[in-house]
$ cat run_17.txt   # compact mmCIF, C-alpha atoms
# COMPACT_ATOMS: atom_id res chain seq x y z
CA MET W 1 -60.40 10.46 -26.60
CA ALA W 2 -63.43 12.56 -25.83
CA VAL W 3 -67.05 11.86 -26.44
CA ASN W 4 -69.21 14.84 -27.08
CA LEU W 5 -72.83 14.09 -26.35
CA LYS W 6 -75.16 16.98 -26.93
CA ASN W 7 -78.64 17.06 -25.50
CA ASP W 8 -81.39 19.04 -26.97
CA ASN W 9 -81.74 20.91 -23.69
CA SER W 10 -78.18 22.17 -23.40
CA SER W 11 -75.97 22.47 -26.38
CA GLU W 12 -72.96 23.63 -24.33
CA GLU W 13 -72.61 20.54 -22.07
CA SER W 14 -70.17 17.79 -22.97
CA ILE W 15 -68.99 14.68 -21.22
CA ILE W 16 -65.25 14.08 -21.21
CA THR W 17 -64.41 10.41 -20.86
CA GLU W 18 -60.61 10.38 -20.97
CA ILE W 19 -58.14 9.60 -18.23
CA ASN W 20 -55.90 12.42 -17.09
CA VAL W 21 -52.40 10.91 -17.07
CA THR W 22 -50.53 14.00 -15.87
CA PRO W 23 -50.63 13.05 -12.15
CA PHE W 24 -49.53 9.52 -13.05
CA ILE W 25 -46.53 10.87 -14.99
CA ASP W 26 -45.62 13.17 -12.08
CA ILE W 27 -45.65 10.26 -9.64
CA MET W 28 -43.57 8.08 -11.96
CA LEU W 29 -40.95 10.82 -12.38
CA VAL W 30 -40.68 11.28 -8.60
CA LEU W 31 -40.27 7.51 -8.16
CA LEU W 32 -37.63 7.46 -10.89
CA ILE W 33 -35.65 10.18 -9.12
CA ILE W 34 -35.91 8.35 -5.78
CA PHE W 35 -34.67 5.09 -7.34
CA MET W 36 -31.81 6.87 -9.11
CA VAL W 37 -30.63 8.54 -5.92
CA THR W 38 -30.88 5.45 -3.72
CA SER W 39 -29.27 3.13 -6.27
CA SER W 40 -26.21 5.36 -6.59
CA VAL W 41 -25.34 4.72 -2.95
CA THR W 42 -23.14 1.65 -3.23
CA PHE W 43 -19.88 0.35 -1.86
CA GLN W 44 -17.95 1.14 -5.02
CA SER W 45 -15.09 3.54 -4.66
CA GLY W 46 -14.30 3.94 -8.36
CA LEU W 47 -10.73 2.77 -7.88
CA GLU W 48 -8.96 0.24 -10.04
CA VAL W 49 -8.40 -2.50 -7.48
CA ASP W 50 -7.94 -6.12 -8.54
CA ILE W 51 -9.70 -7.80 -5.62
CA PRO W 52 -9.15 -11.49 -4.85
CA LYS W 53 -11.52 -14.14 -6.21
CA ILE W 54 -13.30 -16.88 -4.26
CA THR W 55 -15.17 -19.96 -5.45
CA SER W 56 -17.59 -20.44 -2.56
CA LYS W 57 -20.72 -18.34 -2.45
CA SER W 58 -21.83 -16.59 0.70
CA PRO W 59 -25.51 -16.40 1.60
CA GLU W 60 -27.18 -13.26 0.31
CA LYS W 61 -28.47 -10.82 2.89
CA LYS W 62 -31.37 -8.63 1.94
CA ASP W 63 -30.63 -5.87 4.44
CA GLN W 64 -27.03 -4.81 4.00
CA PRO W 65 -25.83 -2.52 6.77
CA SER W 66 -23.98 0.63 5.91
CA ALA W 67 -20.23 0.39 6.16
CA VAL W 68 -17.06 2.36 5.53
CA LEU W 69 -15.08 1.15 2.52
CA ILE W 70 -11.30 1.15 2.91
CA SER W 71 -9.36 0.41 -0.28
CA VAL W 72 -5.69 -0.36 -0.84
CA ASP W 73 -4.32 -0.28 -4.39
CA GLN W 74 -1.29 -2.01 -5.92
CA LYS W 75 1.08 0.72 -4.79
CA GLY W 76 -0.17 0.61 -1.20
CA ALA W 77 -2.13 3.87 -1.34
CA ILE W 78 -5.03 3.92 1.13
CA TYR W 79 -8.50 5.29 0.37
CA VAL W 80 -11.40 5.78 2.82
CA ASP W 81 -14.73 5.85 0.95
CA GLY W 82 -12.86 6.75 -2.24
CA GLU W 83 -10.87 9.62 -0.73
CA PRO W 84 -7.06 9.22 -0.62
CA VAL W 85 -5.61 9.39 2.87
CA LYS W 86 -2.14 9.20 4.36
CA ILE W 87 -1.42 6.71 7.13
CA GLU W 88 -0.89 9.57 9.61
CA ASN W 89 -4.46 10.84 9.06
CA LEU W 90 -6.08 7.41 8.73
CA GLU W 91 -7.52 7.20 12.26
CA GLU W 92 -9.17 10.63 11.97
CA MET W 93 -10.64 9.81 8.55
CA ILE W 94 -12.01 6.47 9.78
CA LYS W 95 -13.56 8.10 12.87
CA SER W 96 -15.16 10.73 10.68
CA ALA W 97 -16.46 8.18 8.15
CA LEU W 98 -17.82 5.89 10.89
CA SER W 99 -19.75 8.72 12.52
CA LYS W 100 -20.96 10.05 9.15
CA ASN W 101 -22.27 6.63 8.08
CA LYS W 102 -23.52 5.83 11.61
CA THR W 103 -21.91 2.39 11.58
CA ASP W 104 -19.15 0.38 13.21
CA MET W 105 -18.42 -1.81 10.18
CA ILE W 106 -15.41 -1.63 7.86
CA ILE W 107 -15.21 -3.33 4.45
CA PHE W 108 -11.70 -3.86 3.08
CA GLN W 109 -11.15 -3.80 -0.64
CA GLY W 110 -7.54 -4.58 -1.28
CA ASP W 111 -5.62 -5.38 -4.42
CA LYS W 112 -4.59 -9.03 -4.41
CA SER W 113 -0.94 -8.02 -4.73
CA SER W 114 -1.06 -5.69 -1.72
CA SER W 115 0.68 -6.64 1.53
CA LEU W 116 -1.17 -8.45 4.31
CA GLN W 117 0.86 -6.45 6.84
CA ASN W 118 -0.58 -3.25 5.36
CA THR W 119 -4.11 -4.61 5.90
CA LEU W 120 -3.34 -5.60 9.47
CA ASP W 121 -1.96 -2.11 10.18
CA ILE W 122 -5.19 -0.61 8.83
CA ILE W 123 -7.30 -2.97 10.98
CA ASP W 124 -5.32 -1.90 14.04
CA VAL W 125 -5.91 1.79 13.28
CA ALA W 126 -9.61 1.12 12.53
CA LYS W 127 -10.06 -0.61 15.90
CA LYS W 128 -8.58 2.44 17.62
CA ALA W 129 -11.01 4.61 15.64
CA GLY W 130 -14.00 2.62 16.93
CA ALA W 131 -14.69 0.00 14.26
CA GLN W 132 -15.94 -3.32 15.63
CA LYS W 133 -17.00 -5.30 12.55
CA PHE W 134 -14.78 -6.09 9.58
CA ALA W 135 -15.38 -7.66 6.16
CA ILE W 136 -13.19 -8.33 3.15
CA ALA W 137 -14.46 -7.70 -0.38
CA ALA W 138 -13.94 -10.52 -2.89
CA LYS W 139 -15.31 -11.49 -6.31
CA GLU W 140 -17.33 -14.68 -6.60
CA VAL W 141 -16.26 -16.84 -9.50
$ encode --input "run_17.txt" --output "structure tokens"
Amino acid sequence: MAVNLKNDNSSEESIITEINVTPFIDIMLVLLIIFMVTSSVTFQSGLEVDIPKITSKSPEKKDQPSAVLISVDQKGAIYVDGEPVKIENLEEMIKSALSKNKTDMIIFQGDKSSSLQNTLDIIDVAKKAGAQKFAIAAKEV
């Protein structure tokens, strides 16, 4: 939308009265990219794990600390942040993941049919690797 006002003195001058939206679009695209990148960082490992369900709701925390996600599937296979790992290499992988994420927190995501002894063995190895805080993932019903 442009208004062309011509004076008798100068026939070449014109006043442009439209808003340039190009900088606005550039800023919105940068913000979109930032939101897409930051929202993809979640605690989901992409594994098919049937986690236990709970009926009580825990209070929501706005600032969730970073943590290392350790998953155990139905067959007892162990994953650290979505990467499969053998029990012999578990301590090294946990140490590496803890230092990479700059945290001392572990979140367990275990299939409800997996063994409790397996989870306790993983906690023992995680303590040796330097983890100090532990949480268990569960679905709220």
$ atom_distance --input "run_17.txt" --atom1 "atom CA of Asp81 of chain W" --atom2 "atom CA of Gly110 of chain W"
12.9 Å
$ residues_around --input "run_17.txt" --residues "segment 101-103 of chain W" --least-positions-apart "3" --cutoff "7 Å" --atoms "all atoms listed in the file" --output "compact mmCIF listing (two decimals) with C-alpha atoms, keeping the file's coordinate frame"
# COMPACT_ATOMS: atom_id res chain seq x y z
CA SER W 66 -23.98 0.63 5.91
CA ALA W 67 -20.23 0.39 6.16
CA ALA W 97 -16.46 8.18 8.15
CA LEU W 98 -17.82 5.89 10.89
$ closest_residue --input "run_17.txt" --among "W:Ile94, W:Met28, W:Leu69, W:Ala131" --to "Gly82 of chain W" --atoms "only C-alpha atoms"
W:Leu69
$ atom_distance --input "run_17.txt" --atom1 "atom CA of Lys127 of chain W" --atom2 "atom CA of Lys95 of chain W"
9.9 Å
$ atom_distance --input "run_17.txt" --atom1 "atom CA of Tyr79 of chain W" --atom2 "atom CA of Ser96 of chain W"
13.4 Å
$ closest_residue --input "run_17.txt" --among "W:Leu29, W:Asn89, W:Thr17, W:Ile136" --to "Ser71 of chain W" --atoms "all atoms listed in the file"
W:Ile136
$ residues_near_point --input "run_17.txt" --point "(-4.4, 2.9, 2.0)" --cutoff "12 Å" --atoms "all atoms listed in the file" --output "ChimeraX atom specification"
/W:47,49,69-91,93-94,108-111,114-115,117-123,125-126
$ axis_aligned_box --input "run_17.txt" --around "segment 14-19 of chain W" --padding-each-side "8 Å" --output "lines of an AutoDock Vina configuration file"
center_x = -64.2
center_y = 13.7
center_z = -20.6
size_x = 28.0
size_y = 24.2
size_z = 20.7
$ build_atoms --input "run_17.txt" --residues "segment 86-102 of chain W" --atoms "N, CA and C atoms" --output "mmCIF file, in the frame of the given file"
data_model
loop_
_atom_site.group_PDB
_atom_site.id
_atom_site.type_symbol
_atom_site.label_atom_id
_atom_site.label_comp_id
_atom_site.auth_asym_id
_atom_site.auth_seq_id
_atom_site.Cartn_x
_atom_site.Cartn_y
_atom_site.Cartn_z
ATOM 1 N N LYS W 86 -3.462 9.647 3.925
ATOM 2 C CA LYS W 86 -2.140 9.200 4.360
ATOM 3 C C LYS W 86 -2.299 8.431 5.663
ATOM 4 N N ILE W 87 -1.346 7.570 5.955
ATOM 5 C CA ILE W 87 -1.420 6.710 7.130
ATOM 6 C C ILE W 87 -1.475 7.540 8.425
ATOM 7 N N GLU W 88 -0.878 8.728 8.408
ATOM 8 C CA GLU W 88 -0.890 9.570 9.610
ATOM 9 C C GLU W 88 -2.299 10.077 9.923
ATOM 10 N N ASN W 89 -3.110 10.300 8.892
ATOM 11 C CA ASN W 89 -4.460 10.840 9.060
ATOM 12 C C ASN W 89 -5.539 9.761 9.007
ATOM 13 N N LEU W 90 -5.127 8.503 8.936
ATOM 14 C CA LEU W 90 -6.080 7.410 8.730
ATOM 15 C C LEU W 90 -7.081 7.291 9.877
ATOM 16 N N GLU W 91 -6.614 7.366 11.121
ATOM 17 C CA GLU W 91 -7.520 7.200 12.260
ATOM 18 C C GLU W 91 -8.593 8.295 12.278
ATOM 19 N N GLU W 92 -8.199 9.530 11.995
ATOM 20 C CA GLU W 92 -9.170 10.630 11.970
ATOM 21 C C GLU W 92 -10.199 10.431 10.865
ATOM 22 N N MET W 93 -9.724 10.024 9.683
ATOM 23 C CA MET W 93 -10.640 9.810 8.550
ATOM 24 C C MET W 93 -11.617 8.671 8.839
ATOM 25 N N ILE W 94 -11.131 7.600 9.464
ATOM 26 C CA ILE W 94 -12.010 6.470 9.780
ATOM 27 C C ILE W 94 -13.038 6.886 10.826
ATOM 28 N N LYS W 95 -12.607 7.617 11.863
ATOM 29 C CA LYS W 95 -13.560 8.100 12.870
ATOM 30 C C LYS W 95 -14.639 8.956 12.229
ATOM 31 N N SER W 96 -14.218 9.842 11.352
ATOM 32 C CA SER W 96 -15.160 10.730 10.680
ATOM 33 C C SER W 96 -16.135 9.944 9.799
ATOM 34 N N ALA W 97 -15.614 8.980 9.041
ATOM 35 C CA ALA W 97 -16.460 8.180 8.150
ATOM 36 C C ALA W 97 -17.412 7.289 8.939
ATOM 37 N N LEU W 98 -16.949 6.733 10.063
ATOM 38 C CA LEU W 98 -17.820 5.890 10.890
ATOM 39 C C LEU W 98 -18.976 6.699 11.472
ATOM 40 N N SER W 99 -18.676 7.895 11.947
ATOM 41 C CA SER W 99 -19.750 8.720 12.520
ATOM 42 C C SER W 99 -20.681 9.244 11.427
ATOM 43 N N LYS W 100 -20.134 9.556 10.255
ATOM 44 C CA LYS W 100 -20.960 10.050 9.150
ATOM 45 C C LYS W 100 -21.919 8.968 8.653
ATOM 46 N N ASN W 101 -21.435 7.740 8.545
ATOM 47 C CA ASN W 101 -22.270 6.630 8.080
ATOM 48 C C ASN W 101 -23.066 5.971 9.198
ATOM 49 N N LYS W 102 -22.833 6.386 10.437
ATOM 50 C CA LYS W 102 -23.520 5.830 11.610
ATOM 51 C C LYS W 102 -23.405 4.305 11.643
#
